[in-house]
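Pasting model12.txt here (compact mmCIF, N, CA and C atoms):
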# COMPACT_ATOMS: atom_id res chain seq x y z
N MET A 12 92.27 124.01 87.34
CA MET A 12 91.66 123.49 88.56
C MET A 12 92.42 124.05 89.75
N GLU A 13 91.68 124.42 90.77
CA GLU A 13 92.25 124.90 92.02
C GLU A 13 91.76 124.01 93.16
N ILE A 14 92.63 123.71 94.11
CA ILE A 14 92.24 122.98 95.32
C ILE A 14 92.42 123.94 96.48
N ARG A 15 91.34 124.11 97.25
CA ARG A 15 91.37 125.04 98.37
C ARG A 15 90.53 124.49 99.52
N ARG A 16 90.77 125.04 100.69
CA ARG A 16 90.01 124.65 101.87
C ARG A 16 88.55 125.06 101.69
N ALA A 17 87.64 124.18 102.02
CA ALA A 17 86.21 124.47 101.91
C ALA A 17 85.78 125.41 103.03
N GLY A 18 84.79 126.22 102.74
CA GLY A 18 84.21 127.12 103.73
C GLY A 18 82.71 126.89 103.82
N VAL A 19 82.08 127.59 104.73
CA VAL A 19 80.64 127.45 104.95
C VAL A 19 79.86 127.69 103.66
N ALA A 20 80.29 128.63 102.85
CA ALA A 20 79.60 128.94 101.60
C ALA A 20 79.62 127.75 100.62
N ASP A 21 80.57 126.84 100.81
CA ASP A 21 80.69 125.67 99.93
C ASP A 21 79.78 124.51 100.34
N LEU A 22 79.18 124.58 101.53
CA LEU A 22 78.42 123.43 102.04
C LEU A 22 77.35 122.91 101.09
N PRO A 23 76.50 123.76 100.51
CA PRO A 23 75.49 123.22 99.59
C PRO A 23 76.11 122.47 98.41
N ALA A 24 77.17 123.01 97.84
CA ALA A 24 77.81 122.36 96.70
C ALA A 24 78.50 121.06 97.11
N VAL A 25 79.15 121.06 98.27
CA VAL A 25 79.82 119.86 98.76
C VAL A 25 78.81 118.75 98.99
N THR A 26 77.73 119.06 99.68
CA THR A 26 76.70 118.06 99.98
C THR A 26 76.08 117.51 98.70
N ALA A 27 75.75 118.39 97.77
CA ALA A 27 75.13 117.95 96.51
C ALA A 27 76.10 117.09 95.70
N LEU A 28 77.36 117.50 95.63
CA LEU A 28 78.34 116.73 94.86
C LEU A 28 78.52 115.34 95.45
N VAL A 29 78.68 115.25 96.76
CA VAL A 29 78.87 113.94 97.40
C VAL A 29 77.66 113.04 97.16
N ARG A 30 76.47 113.59 97.29
CA ARG A 30 75.26 112.79 97.07
C ARG A 30 75.21 112.29 95.63
N GLU A 31 75.55 113.16 94.68
CA GLU A 31 75.53 112.79 93.27
C GLU A 31 76.61 111.74 92.96
N ALA A 32 77.79 111.92 93.51
CA ALA A 32 78.90 111.00 93.23
C ALA A 32 78.66 109.61 93.79
N TYR A 33 78.04 109.52 94.96
CA TYR A 33 77.83 108.22 95.61
C TYR A 33 76.48 107.58 95.28
N ALA A 34 75.57 108.30 94.63
CA ALA A 34 74.24 107.77 94.34
C ALA A 34 74.25 106.43 93.61
N PRO A 35 75.16 106.18 92.66
CA PRO A 35 75.14 104.88 91.98
C PRO A 35 75.39 103.68 92.89
N TYR A 36 75.95 103.92 94.08
CA TYR A 36 76.26 102.81 94.98
C TYR A 36 75.08 102.40 95.85
N VAL A 37 74.07 103.26 95.97
CA VAL A 37 72.92 102.95 96.83
C VAL A 37 72.24 101.66 96.42
N PRO A 38 71.88 101.45 95.14
CA PRO A 38 71.24 100.19 94.77
C PRO A 38 72.16 98.97 94.98
N ARG A 39 73.45 99.18 94.83
CA ARG A 39 74.40 98.06 94.96
C ARG A 39 74.55 97.59 96.40
N ILE A 40 74.54 98.54 97.35
CA ILE A 40 74.76 98.14 98.75
C ILE A 40 73.49 98.22 99.59
N GLY A 41 72.41 98.72 99.03
CA GLY A 41 71.13 98.73 99.72
C GLY A 41 70.94 99.84 100.73
N ARG A 42 71.83 100.80 100.75
CA ARG A 42 71.71 101.94 101.66
C ARG A 42 72.63 103.05 101.17
N GLU A 43 72.49 104.22 101.75
CA GLU A 43 73.38 105.32 101.40
C GLU A 43 74.74 105.10 102.06
N PRO A 44 75.82 105.20 101.30
CA PRO A 44 77.15 105.10 101.90
C PRO A 44 77.37 106.24 102.90
N ALA A 45 78.25 106.02 103.85
CA ALA A 45 78.51 107.00 104.92
C ALA A 45 78.77 108.41 104.41
N PRO A 46 79.54 108.61 103.34
CA PRO A 46 79.76 109.99 102.90
C PRO A 46 78.47 110.74 102.54
N MET A 47 77.43 110.01 102.15
CA MET A 47 76.18 110.67 101.78
C MET A 47 75.42 111.19 103.00
N THR A 48 75.67 110.61 104.14
CA THR A 48 74.94 111.00 105.35
C THR A 48 75.81 111.81 106.32
N ALA A 49 77.05 112.09 105.93
CA ALA A 49 77.96 112.84 106.80
C ALA A 49 77.46 114.26 107.02
N ASP A 50 77.80 114.80 108.17
CA ASP A 50 77.46 116.18 108.52
C ASP A 50 78.65 117.06 108.12
N TYR A 51 78.58 117.62 106.92
CA TYR A 51 79.71 118.38 106.40
C TYR A 51 79.91 119.70 107.14
N ALA A 52 78.87 120.25 107.74
CA ALA A 52 79.04 121.45 108.56
C ALA A 52 79.91 121.11 109.76
N ALA A 53 79.67 119.98 110.39
CA ALA A 53 80.50 119.55 111.52
C ALA A 53 81.91 119.20 111.06
N LEU A 54 82.02 118.58 109.88
CA LEU A 54 83.34 118.22 109.37
C LEU A 54 84.21 119.45 109.08
N LEU A 55 83.59 120.57 108.71
CA LEU A 55 84.37 121.79 108.50
C LEU A 55 85.11 122.18 109.78
N GLU A 56 84.54 121.87 110.93
CA GLU A 56 85.16 122.19 112.22
C GLU A 56 86.10 121.09 112.69
N ALA A 57 85.74 119.83 112.44
CA ALA A 57 86.47 118.70 113.02
C ALA A 57 87.54 118.11 112.12
N ALA A 58 87.51 118.45 110.85
CA ALA A 58 88.41 117.82 109.88
C ALA A 58 88.90 118.88 108.90
N GLU A 59 89.66 118.42 107.92
CA GLU A 59 90.05 119.28 106.81
C GLU A 59 89.19 118.89 105.61
N VAL A 60 88.35 119.80 105.19
CA VAL A 60 87.53 119.58 104.00
C VAL A 60 88.08 120.47 102.91
N TRP A 61 88.45 119.86 101.80
CA TRP A 61 89.03 120.57 100.67
C TRP A 61 88.12 120.43 99.47
N VAL A 62 88.11 121.42 98.59
CA VAL A 62 87.33 121.33 97.36
C VAL A 62 88.24 121.61 96.17
N ALA A 63 87.95 120.91 95.09
CA ALA A 63 88.56 121.21 93.79
C ALA A 63 87.53 122.01 93.03
N THR A 64 87.96 123.14 92.48
CA THR A 64 87.05 123.98 91.72
C THR A 64 87.61 124.17 90.31
N ASP A 65 86.70 124.43 89.40
CA ASP A 65 87.09 124.58 88.00
C ASP A 65 86.32 125.73 87.38
N GLY A 66 86.81 126.93 87.60
CA GLY A 66 86.20 128.11 86.99
C GLY A 66 84.70 128.21 87.21
N ASP A 67 83.97 128.35 86.11
CA ASP A 67 82.52 128.52 86.17
C ASP A 67 81.79 127.26 86.61
N ARG A 68 82.45 126.12 86.54
CA ARG A 68 81.79 124.87 86.95
C ARG A 68 81.64 124.77 88.46
N GLY A 69 82.37 125.56 89.21
CA GLY A 69 82.29 125.53 90.67
C GLY A 69 83.00 124.33 91.25
N VAL A 70 82.42 123.76 92.30
CA VAL A 70 83.03 122.64 93.00
C VAL A 70 82.86 121.37 92.16
N ILE A 71 84.00 120.74 91.86
CA ILE A 71 83.97 119.50 91.06
C ILE A 71 84.57 118.32 91.80
N GLY A 72 85.09 118.56 93.01
CA GLY A 72 85.66 117.47 93.80
C GLY A 72 85.72 117.84 95.27
N VAL A 73 85.68 116.82 96.13
CA VAL A 73 85.70 117.01 97.58
C VAL A 73 86.69 116.02 98.18
N LEU A 74 87.44 116.48 99.16
CA LEU A 74 88.40 115.66 99.89
C LEU A 74 88.20 115.92 101.37
N VAL A 75 88.09 114.86 102.18
CA VAL A 75 87.95 115.00 103.63
C VAL A 75 89.12 114.28 104.29
N LEU A 76 89.88 115.03 105.08
CA LEU A 76 91.03 114.49 105.81
C LEU A 76 90.85 114.72 107.30
N HIS A 77 91.33 113.76 108.10
CA HIS A 77 91.33 113.90 109.55
C HIS A 77 92.76 113.86 110.04
N THR A 78 93.14 114.87 110.82
CA THR A 78 94.46 114.91 111.42
C THR A 78 94.50 113.96 112.60
N GLN A 79 95.49 113.08 112.61
CA GLN A 79 95.70 112.17 113.73
C GLN A 79 97.09 112.45 114.30
N THR A 80 97.41 111.85 115.41
CA THR A 80 98.66 112.14 116.10
C THR A 80 99.87 112.08 115.18
N ASP A 81 100.01 110.99 114.46
CA ASP A 81 101.19 110.83 113.62
C ASP A 81 100.85 110.53 112.16
N SER A 82 99.63 110.88 111.77
CA SER A 82 99.22 110.59 110.39
C SER A 82 98.05 111.48 110.00
N LEU A 83 97.66 111.29 108.76
CA LEU A 83 96.50 111.99 108.22
C LEU A 83 95.60 110.92 107.62
N PHE A 84 94.35 110.86 108.07
CA PHE A 84 93.40 109.84 107.61
C PHE A 84 92.55 110.42 106.48
N LEU A 85 92.58 109.78 105.32
CA LEU A 85 91.77 110.19 104.18
C LEU A 85 90.42 109.49 104.32
N GLU A 86 89.39 110.26 104.63
CA GLU A 86 88.05 109.70 104.84
C GLU A 86 87.25 109.58 103.54
N ASN A 87 87.39 110.57 102.67
CA ASN A 87 86.50 110.60 101.53
C ASN A 87 87.12 111.40 100.38
N VAL A 88 86.98 110.86 99.19
CA VAL A 88 87.28 111.59 97.95
C VAL A 88 86.06 111.40 97.06
N ALA A 89 85.49 112.49 96.60
CA ALA A 89 84.34 112.41 95.71
C ALA A 89 84.55 113.39 94.56
N VAL A 90 84.18 112.94 93.36
CA VAL A 90 84.31 113.77 92.17
C VAL A 90 82.94 113.83 91.48
N ALA A 91 82.57 115.01 91.06
CA ALA A 91 81.31 115.17 90.32
C ALA A 91 81.31 114.26 89.10
N PRO A 92 80.23 113.53 88.87
CA PRO A 92 80.20 112.63 87.72
C PRO A 92 80.61 113.29 86.40
N ALA A 93 80.23 114.53 86.18
CA ALA A 93 80.58 115.23 84.93
C ALA A 93 82.07 115.51 84.83
N ALA A 94 82.78 115.48 85.97
CA ALA A 94 84.22 115.77 85.97
C ALA A 94 85.08 114.51 86.11
N GLN A 95 84.44 113.35 86.22
CA GLN A 95 85.20 112.11 86.38
C GLN A 95 86.00 111.81 85.12
N GLY A 96 87.17 111.21 85.32
CA GLY A 96 88.04 110.87 84.21
C GLY A 96 88.93 112.00 83.75
N ARG A 97 88.92 113.12 84.48
CA ARG A 97 89.72 114.29 84.11
C ARG A 97 90.88 114.53 85.08
N GLY A 98 91.15 113.59 85.98
CA GLY A 98 92.27 113.73 86.91
C GLY A 98 91.96 114.47 88.19
N VAL A 99 90.70 114.75 88.45
CA VAL A 99 90.32 115.49 89.66
C VAL A 99 90.60 114.64 90.90
N GLY A 100 90.17 113.39 90.88
CA GLY A 100 90.42 112.51 92.02
C GLY A 100 91.90 112.32 92.28
N ARG A 101 92.66 112.13 91.23
CA ARG A 101 94.11 111.99 91.36
C ARG A 101 94.71 113.25 91.98
N ALA A 102 94.28 114.43 91.53
CA ALA A 102 94.80 115.68 92.07
C ALA A 102 94.46 115.82 93.55
N LEU A 103 93.27 115.41 93.95
CA LEU A 103 92.88 115.48 95.36
C LEU A 103 93.71 114.52 96.21
N ILE A 104 93.95 113.32 95.73
CA ILE A 104 94.76 112.37 96.47
C ILE A 104 96.20 112.85 96.56
N GLU A 105 96.73 113.41 95.49
CA GLU A 105 98.08 113.96 95.54
C GLU A 105 98.15 115.13 96.53
N HIS A 106 97.09 115.91 96.61
CA HIS A 106 97.03 116.99 97.59
C HIS A 106 97.08 116.41 99.00
N ALA A 107 96.33 115.33 99.23
CA ALA A 107 96.34 114.67 100.55
C ALA A 107 97.75 114.18 100.88
N GLU A 108 98.43 113.60 99.91
CA GLU A 108 99.80 113.13 100.14
C GLU A 108 100.71 114.29 100.53
N ARG A 109 100.60 115.40 99.82
CA ARG A 109 101.43 116.56 100.15
C ARG A 109 101.13 117.08 101.55
N ARG A 110 99.85 117.12 101.91
CA ARG A 110 99.46 117.56 103.26
C ARG A 110 100.06 116.65 104.31
N ALA A 111 99.96 115.35 104.09
CA ALA A 111 100.49 114.38 105.07
C ALA A 111 101.99 114.54 105.23
N HIS A 112 102.67 114.66 104.13
CA HIS A 112 104.13 114.73 104.20
C HIS A 112 104.63 116.08 104.68
N SER A 113 103.88 117.14 104.44
CA SER A 113 104.30 118.43 104.98
C SER A 113 104.16 118.43 106.50
N ARG A 114 103.15 117.73 106.99
CA ARG A 114 102.97 117.60 108.44
C ARG A 114 104.08 116.75 109.05
N ALA A 115 104.52 115.73 108.32
CA ALA A 115 105.53 114.81 108.84
C ALA A 115 106.95 115.32 108.63
N GLY A 116 107.10 116.31 107.76
CA GLY A 116 108.42 116.85 107.48
C GLY A 116 109.32 115.92 106.69
N ARG A 117 108.71 115.09 105.85
CA ARG A 117 109.51 114.20 105.00
C ARG A 117 108.89 114.17 103.61
N PRO A 118 109.66 113.76 102.61
CA PRO A 118 109.15 113.77 101.24
C PRO A 118 108.08 112.71 101.02
N PRO A 119 107.20 112.92 100.04
CA PRO A 119 106.16 111.94 99.73
C PRO A 119 106.74 110.59 99.35
N ARG A 120 106.03 109.52 99.75
CA ARG A 120 106.43 108.17 99.39
C ARG A 120 105.33 107.43 98.65
N GLY A 121 104.16 107.99 98.53
CA GLY A 121 103.09 107.36 97.76
C GLY A 121 102.09 106.62 98.62
N LEU A 122 101.03 106.19 97.99
CA LEU A 122 99.95 105.45 98.65
C LEU A 122 100.00 103.99 98.22
N PRO A 123 99.43 103.09 99.02
CA PRO A 123 99.39 101.68 98.62
C PRO A 123 98.80 101.53 97.22
N GLY A 124 99.40 100.66 96.45
CA GLY A 124 98.90 100.42 95.10
C GLY A 124 99.42 101.41 94.08
N ARG A 125 100.21 102.37 94.53
CA ARG A 125 100.78 103.36 93.61
C ARG A 125 102.28 103.16 93.56
N PRO A 126 102.89 103.38 92.42
CA PRO A 126 104.34 103.26 92.32
C PRO A 126 105.03 104.14 93.36
N GLY A 127 106.09 103.59 93.95
CA GLY A 127 106.83 104.34 94.94
C GLY A 127 106.41 104.06 96.37
N PHE A 128 105.29 103.36 96.57
CA PHE A 128 104.87 103.02 97.92
C PHE A 128 105.81 101.95 98.46
N PRO A 129 106.23 102.07 99.74
CA PRO A 129 107.13 101.07 100.30
C PRO A 129 106.59 99.65 100.11
N GLY A 130 107.45 98.76 99.65
CA GLY A 130 107.05 97.39 99.44
C GLY A 130 106.56 97.13 98.03
N ARG A 131 106.39 98.17 97.25
CA ARG A 131 105.94 98.02 95.87
C ARG A 131 107.04 98.55 94.96
N PRO A 132 107.44 97.76 93.98
CA PRO A 132 108.51 98.23 93.09
C PRO A 132 108.06 99.43 92.28
N PRO A 133 108.99 100.33 91.96
CA PRO A 133 108.63 101.47 91.12
C PRO A 133 108.17 101.00 89.75
N SER A 134 107.26 101.77 89.15
CA SER A 134 106.82 101.41 87.81
C SER A 134 107.90 101.82 86.82
N GLY A 135 107.86 101.26 85.68
CA GLY A 135 108.84 101.69 84.71
C GLY A 135 109.02 100.67 83.69

Please lay out the structure from this file as structure tokens.
Amino acid sequence: MEIRRAGVADLPAVTALVREAYAPYVPRIGREPAPMTADYAALLEAAEVWVATDGDRGVIGVLVLHTQTDSLFLENVAVAPAAQGRGVGRALIEHAERRAHSRAGRPPRGLPGRPGFPGRPPSG
């Protein structure tokens, strides 16, 4: 698996993957979740859109990050249903952590609910 910055050529795959990944939630909440209606062409300019690819399978995951003054906001993580359960989402979130910490110039500390996050005891 490779994680790389998305480009214009990835837009059809990104849009299709997000729609497929979030489709099961439409009946539950009665509408399309925000990631399904997002303008990914605009996000390519305004945010960091990353894709996970897997050889011939193409795009199997999407990550959307927004740079803020002193942080990085994770807007969306989506994984193709056929690739779920294979660590794609985890790899994308770990990529987001590395991006955030490289911007801040300090080592990763983890996300809430994950071992190593401040205020949460390490697992073990």

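Nearest residue to Thr78 of chain A among A:Met47, A:Val60, A:Ala52, A:Ala17 is A:Val60, counting only C-alpha atoms.
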
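Atom pair atom C of Arg16 of chain A / atom C of Trp61 of chain A has a distance of 5.2 Å (rounded to one decimal).
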
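Here atom CA of His77 of chain A is placed at a distance of 16.3 Å from atom N of Ala45 of chain A.
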
Neighbouring residues of Val29 of chain A were defined as those with any atom within 6 Å, considering all atoms listed in the file; residues of the same chain fewer than 3 positions away were excluded. Please report them as a PDB file with N, CA and C atoms, in the coordinates of the input.
ATOM      1  N   ALA A  24      77.170 123.010  97.840  1.00  0.00           N
ATOM      2  CA  ALA A  24      77.810 122.360  96.700  1.00  0.00           C
ATOM      3  C   ALA A  24      78.500 121.060  97.110  1.00  0.00           C
ATOM      4  N   VAL A  25      79.150 121.060  98.270  1.00  0.00           N
ATOM      5  CA  VAL A  25      79.820 119.860  98.760  1.00  0.00           C
ATOM      6  C   VAL A  25      78.810 118.750  98.990  1.00  0.00           C
ATOM      7  N   THR A  26      77.730 119.060  99.680  1.00  0.00           N
ATOM      8  CA  THR A  26      76.700 118.060  99.980  1.00  0.00           C
ATOM      9  C   THR A  26      76.080 117.510  98.700  1.00  0.00           C
ATOM     10  N   ALA A  32      77.790 111.920  93.510  1.00  0.00           N
ATOM     11  CA  ALA A  32      78.900 111.000  93.230  1.00  0.00           C
ATOM     12  C   ALA A  32      78.660 109.610  93.790  1.00  0.00           C
ATOM     13  N   TYR A  33      78.040 109.520  94.960  1.00  0.00           N
ATOM     14  CA  TYR A  33      77.830 108.220  95.610  1.00  0.00           C
ATOM     15  C   TYR A  33      76.480 107.580  95.280  1.00  0.00           C
ATOM     16  N   ALA A  34      75.570 108.300  94.630  1.00  0.00           N
ATOM     17  CA  ALA A  34      74.240 107.770  94.340  1.00  0.00           C
ATOM     18  C   ALA A  34      74.250 106.430  93.610  1.00  0.00           C
ATOM     19  N   PRO A  46      79.540 108.610 103.340  1.00  0.00           N
ATOM     20  CA  PRO A  46      79.760 109.990 102.900  1.00  0.00           C
ATOM     21  C   PRO A  46      78.470 110.740 102.540  1.00  0.00           C
ATOM     22  N   MET A  47      77.430 110.010 102.150  1.00  0.00           N
ATOM     23  CA  MET A  47      76.180 110.670 101.780  1.00  0.00           C
ATOM     24  C   MET A  47      75.420 111.190 103.000  1.00  0.00           C
ATOM     25  N   ALA A  89      85.490 112.490  96.600  1.00  0.00           N
ATOM     26  CA  ALA A  89      84.340 112.410  95.710  1.00  0.00           C
ATOM     27  C   ALA A  89      84.550 113.390  94.560  1.00  0.00           C
TER      28      ALA A  89
END

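Environment of (91.5, 123.1, 84.9): residues at most 9 Å away, judged by only C-alpha atoms, are Met12, Glu13, Thr64, Asp65 and Gly66 of chain A.
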
Would you output that residue set with N, CA and C atoms, as a compact mmCIF listing (two decimals), in the frame of the given file?
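Generated file (result_36.txt):
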# COMPACT_ATOMS: atom_id res chain seq x y z
N MET A 12 92.27 124.01 87.34
CA MET A 12 91.66 123.49 88.56
C MET A 12 92.42 124.05 89.75
N GLU A 13 91.68 124.42 90.77
CA GLU A 13 92.25 124.90 92.02
C GLU A 13 91.76 124.01 93.16
N THR A 64 87.96 123.14 92.48
CA THR A 64 87.05 123.98 91.72
C THR A 64 87.61 124.17 90.31
N ASP A 65 86.70 124.43 89.40
CA ASP A 65 87.09 124.58 88.00
C ASP A 65 86.32 125.73 87.38
N GLY A 66 86.81 126.93 87.60
CA GLY A 66 86.20 128.11 86.99
C GLY A 66 84.70 128.21 87.21

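Among the candidate residues A:Glu56, A:Val70, A:Ala94, A:Arg42, the one lying nearest to Asp21 of chain A is A:Val70, with distances computed using all atoms listed in the file.
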
Atom CA of Pro92 of chain A to atom CA of Val62 of chain A, straight-line distance in Å: 14.8 Å

List every residue of chain A that DSSP, applied to the backbone of this structure, assigns to alpha helix (DSSP H), and report them as JSON, numbers by chain. {"A": [22, 23, 24, 25, 26, 27, 28, 29, 30, 31, 32, 33, 36, 37, 38, 39, 40, 45, 46, 47, 48, 51, 52, 53, 54, 55, 56, 57, 99, 100, 101, 102, 103, 104, 105, 106, 107, 108, 109, 110, 111, 112, 113, 114, 115]}

Take the residues from that selection and put them in a file with N, CA and C atoms, as a tab-separated table (two decimals), in the coordinates of the input.
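Once everything was written out, this is result39.tsv:
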chain	number	residue	atom	x	y	z
A	22	LEU	N	79.18	124.58	101.53
A	22	LEU	CA	78.42	123.43	102.04
A	22	LEU	C	77.35	122.91	101.09
A	23	PRO	N	76.50	123.76	100.51
A	23	PRO	CA	75.49	123.22	99.59
A	23	PRO	C	76.11	122.47	98.41
A	24	ALA	N	77.17	123.01	97.84
A	24	ALA	CA	77.81	122.36	96.70
A	24	ALA	C	78.50	121.06	97.11
A	25	VAL	N	79.15	121.06	98.27
A	25	VAL	CA	79.82	119.86	98.76
A	25	VAL	C	78.81	118.75	98.99
A	26	THR	N	77.73	119.06	99.68
A	26	THR	CA	76.70	118.06	99.98
A	26	THR	C	76.08	117.51	98.70
A	27	ALA	N	75.75	118.39	97.77
A	27	ALA	CA	75.13	117.95	96.51
A	27	ALA	C	76.10	117.09	95.70
A	28	LEU	N	77.36	117.50	95.63
A	28	LEU	CA	78.34	116.73	94.86
A	28	LEU	C	78.52	115.34	95.45
A	29	VAL	N	78.68	115.25	96.76
A	29	VAL	CA	78.87	113.94	97.40
A	29	VAL	C	77.66	113.04	97.16
A	30	ARG	N	76.47	113.59	97.29
A	30	ARG	CA	75.26	112.79	97.07
A	30	ARG	C	75.21	112.29	95.63
A	31	GLU	N	75.55	113.16	94.68
A	31	GLU	CA	75.53	112.79	93.27
A	31	GLU	C	76.61	111.74	92.96
A	32	ALA	N	77.79	111.92	93.51
A	32	ALA	CA	78.90	111.00	93.23
A	32	ALA	C	78.66	109.61	93.79
A	33	TYR	N	78.04	109.52	94.96
A	33	TYR	CA	77.83	108.22	95.61
A	33	TYR	C	76.48	107.58	95.28
A	36	TYR	N	75.95	103.92	94.08
A	36	TYR	CA	76.26	102.81	94.98
A	36	TYR	C	75.08	102.40	95.85
A	37	VAL	N	74.07	103.26	95.97
A	37	VAL	CA	72.92	102.95	96.83
A	37	VAL	C	72.24	101.66	96.42
A	38	PRO	N	71.88	101.45	95.14
A	38	PRO	CA	71.24	100.19	94.77
A	38	PRO	C	72.16	98.97	94.98
A	39	ARG	N	73.45	99.18	94.83
A	39	ARG	CA	74.40	98.06	94.96
A	39	ARG	C	74.55	97.59	96.40
A	40	ILE	N	74.54	98.54	97.35
A	40	ILE	CA	74.76	98.14	98.75
A	40	ILE	C	73.49	98.22	99.59
A	45	ALA	N	78.25	106.02	103.85
A	45	ALA	CA	78.51	107.00	104.92
A	45	ALA	C	78.77	108.41	104.41
A	46	PRO	N	79.54	108.61	103.34
A	46	PRO	CA	79.76	109.99	102.90
A	46	PRO	C	78.47	110.74	102.54
A	47	MET	N	77.43	110.01	102.15
A	47	MET	CA	76.18	110.67	101.78
A	47	MET	C	75.42	111.19	103.00
A	48	THR	N	75.67	110.61	104.14
A	48	THR	CA	74.94	111.00	105.35
A	48	THR	C	75.81	111.81	106.32
A	51	TYR	N	78.58	117.62	106.92
A	51	TYR	CA	79.71	118.38	106.40
A	51	TYR	C	79.91	119.70	107.14
A	52	ALA	N	78.87	120.25	107.74
A	52	ALA	CA	79.04	121.45	108.56
A	52	ALA	C	79.91	121.11	109.76
A	53	ALA	N	79.67	119.98	110.39
A	53	ALA	CA	80.50	119.55	111.52
A	53	ALA	C	81.91	119.20	111.06
A	54	LEU	N	82.02	118.58	109.88
A	54	LEU	CA	83.34	118.22	109.37
A	54	LEU	C	84.21	119.45	109.08
A	55	LEU	N	83.59	120.57	108.71
A	55	LEU	CA	84.37	121.79	108.50
A	55	LEU	C	85.11	122.18	109.78
A	56	GLU	N	84.54	121.87	110.93
A	56	GLU	CA	85.16	122.19	112.22
A	56	GLU	C	86.10	121.09	112.69
A	57	ALA	N	85.74	119.83	112.44
A	57	ALA	CA	86.47	118.70	113.02
A	57	ALA	C	87.54	118.11	112.12
A	99	VAL	N	90.70	114.75	88.45
A	99	VAL	CA	90.32	115.49	89.66
A	99	VAL	C	90.60	114.64	90.90
A	100	GLY	N	90.17	113.39	90.88
A	100	GLY	CA	90.42	112.51	92.02
A	100	GLY	C	91.90	112.32	92.28
A	101	ARG	N	92.66	112.13	91.23
A	101	ARG	CA	94.11	111.99	91.36
A	101	ARG	C	94.71	113.25	91.98
A	102	ALA	N	94.28	114.43	91.53
A	102	ALA	CA	94.80	115.68	92.07
A	102	ALA	C	94.46	115.82	93.55
A	103	LEU	N	93.27	115.41	93.95
A	103	LEU	CA	92.88	115.48	95.36
A	103	LEU	C	93.71	114.52	96.21
A	104	ILE	N	93.95	113.32	95.73
A	104	ILE	CA	94.76	112.37	96.47
A	104	ILE	C	96.20	112.85	96.56
A	105	GLU	N	96.73	113.41	95.49
A	105	GLU	CA	98.08	113.96	95.54
A	105	GLU	C	98.15	115.13	96.53
A	106	HIS	N	97.09	115.91	96.61
A	106	HIS	CA	97.03	116.99	97.59
A	106	HIS	C	97.08	116.41	99.00
A	107	ALA	N	96.33	115.33	99.23
A	107	ALA	CA	96.34	114.67	100.55
A	107	ALA	C	97.75	114.18	100.88
A	108	GLU	N	98.43	113.60	99.91
A	108	GLU	CA	99.80	113.13	100.14
A	108	GLU	C	100.71	114.29	100.53
A	109	ARG	N	100.60	115.40	99.82
A	109	ARG	CA	101.43	116.56	100.15
A	109	ARG	C	101.13	117.08	101.55
A	110	ARG	N	99.85	117.12	101.91
A	110	ARG	CA	99.46	117.56	103.26
A	110	ARG	C	100.06	116.65	104.31
A	111	ALA	N	99.96	115.35	104.09
A	111	ALA	CA	100.49	114.38	105.07
A	111	ALA	C	101.99	114.54	105.23
A	112	HIS	N	102.67	114.66	104.13
A	112	HIS	CA	104.13	114.73	104.20
A	112	HIS	C	104.63	116.08	104.68
A	113	SER	N	103.88	117.14	104.44
A	113	SER	CA	104.30	118.43	104.98
A	113	SER	C	104.16	118.43	106.50
A	114	ARG	N	103.15	117.73	106.99
A	114	ARG	CA	102.97	117.60	108.44
A	114	ARG	C	104.08	116.75	109.05
A	115	ALA	N	104.52	115.73	108.32
A	115	ALA	CA	105.53	114.81	108.84
A	115	ALA	C	106.95	115.32	108.63

Draw an axis-aligned box over all listed atoms of segment 31-44 of chain A, pad each side with 4 Å, and write its centre and edge lengths in Å, one decimal, as lines of an AutoDock Vina configuration file.
center_x = 74.9
center_y = 105.4
center_z = 97.4
size_x = 16.0
size_y = 23.6
size_z = 18.9

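Residue nearest Ala111 of chain A, chosen from A:Ile14, A:Leu55, A:Leu83, A:Ala63 and counting only N, CA and C atoms: A:Leu83.
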
Rank A:Tyr51, A:Gly18, A:Leu28, A:Arg110 by their smallest atom-to-atom distance to Gln95 of chain A, using only C-alpha atoms, and report the top residue only. A:Leu28

I'd like the contact shell of Leu76 of chain A - 8 Å cut-off, all atoms listed in the file, skipping same-chain residues fewer than 3 positions apart - returned as a VMD selection string. chain A and resid 57 to 61 73 79 83 to 88 107

For the selection just defined, write its residues with N, CA and C atoms to a file, as a CSV table (one decimal), keeping the file's coordinate frame.
chain,number,residue,atom,x,y,z
A,57,ALA,N,85.7,119.8,112.4
A,57,ALA,CA,86.5,118.7,113.0
A,57,ALA,C,87.5,118.1,112.1
A,58,ALA,N,87.5,118.4,110.8
A,58,ALA,CA,88.4,117.8,109.9
A,58,ALA,C,88.9,118.9,108.9
A,59,GLU,N,89.7,118.4,107.9
A,59,GLU,CA,90.0,119.3,106.8
A,59,GLU,C,89.2,118.9,105.6
A,60,VAL,N,88.4,119.8,105.2
A,60,VAL,CA,87.5,119.6,104.0
A,60,VAL,C,88.1,120.5,102.9
A,61,TRP,N,88.4,119.9,101.8
A,61,TRP,CA,89.0,120.6,100.7
A,61,TRP,C,88.1,120.4,99.5
A,73,VAL,N,85.7,116.8,96.1
A,73,VAL,CA,85.7,117.0,97.6
A,73,VAL,C,86.7,116.0,98.2
A,79,GLN,N,95.5,113.1,112.6
A,79,GLN,CA,95.7,112.2,113.7
A,79,GLN,C,97.1,112.4,114.3
A,83,LEU,N,97.7,111.3,108.8
A,83,LEU,CA,96.5,112.0,108.2
A,83,LEU,C,95.6,110.9,107.6
A,84,PHE,N,94.4,110.9,108.1
A,84,PHE,CA,93.4,109.8,107.6
A,84,PHE,C,92.6,110.4,106.5
A,85,LEU,N,92.6,109.8,105.3
A,85,LEU,CA,91.8,110.2,104.2
A,85,LEU,C,90.4,109.5,104.3
A,86,GLU,N,89.4,110.3,104.6
A,86,GLU,CA,88.0,109.7,104.8
A,86,GLU,C,87.2,109.6,103.5
A,87,ASN,N,87.4,110.6,102.7
A,87,ASN,CA,86.5,110.6,101.5
A,87,ASN,C,87.1,111.4,100.4
A,88,VAL,N,87.0,110.9,99.2
A,88,VAL,CA,87.3,111.6,98.0
A,88,VAL,C,86.1,111.4,97.1
A,107,ALA,N,96.3,115.3,99.2
A,107,ALA,CA,96.3,114.7,100.6
A,107,ALA,C,97.8,114.2,100.9
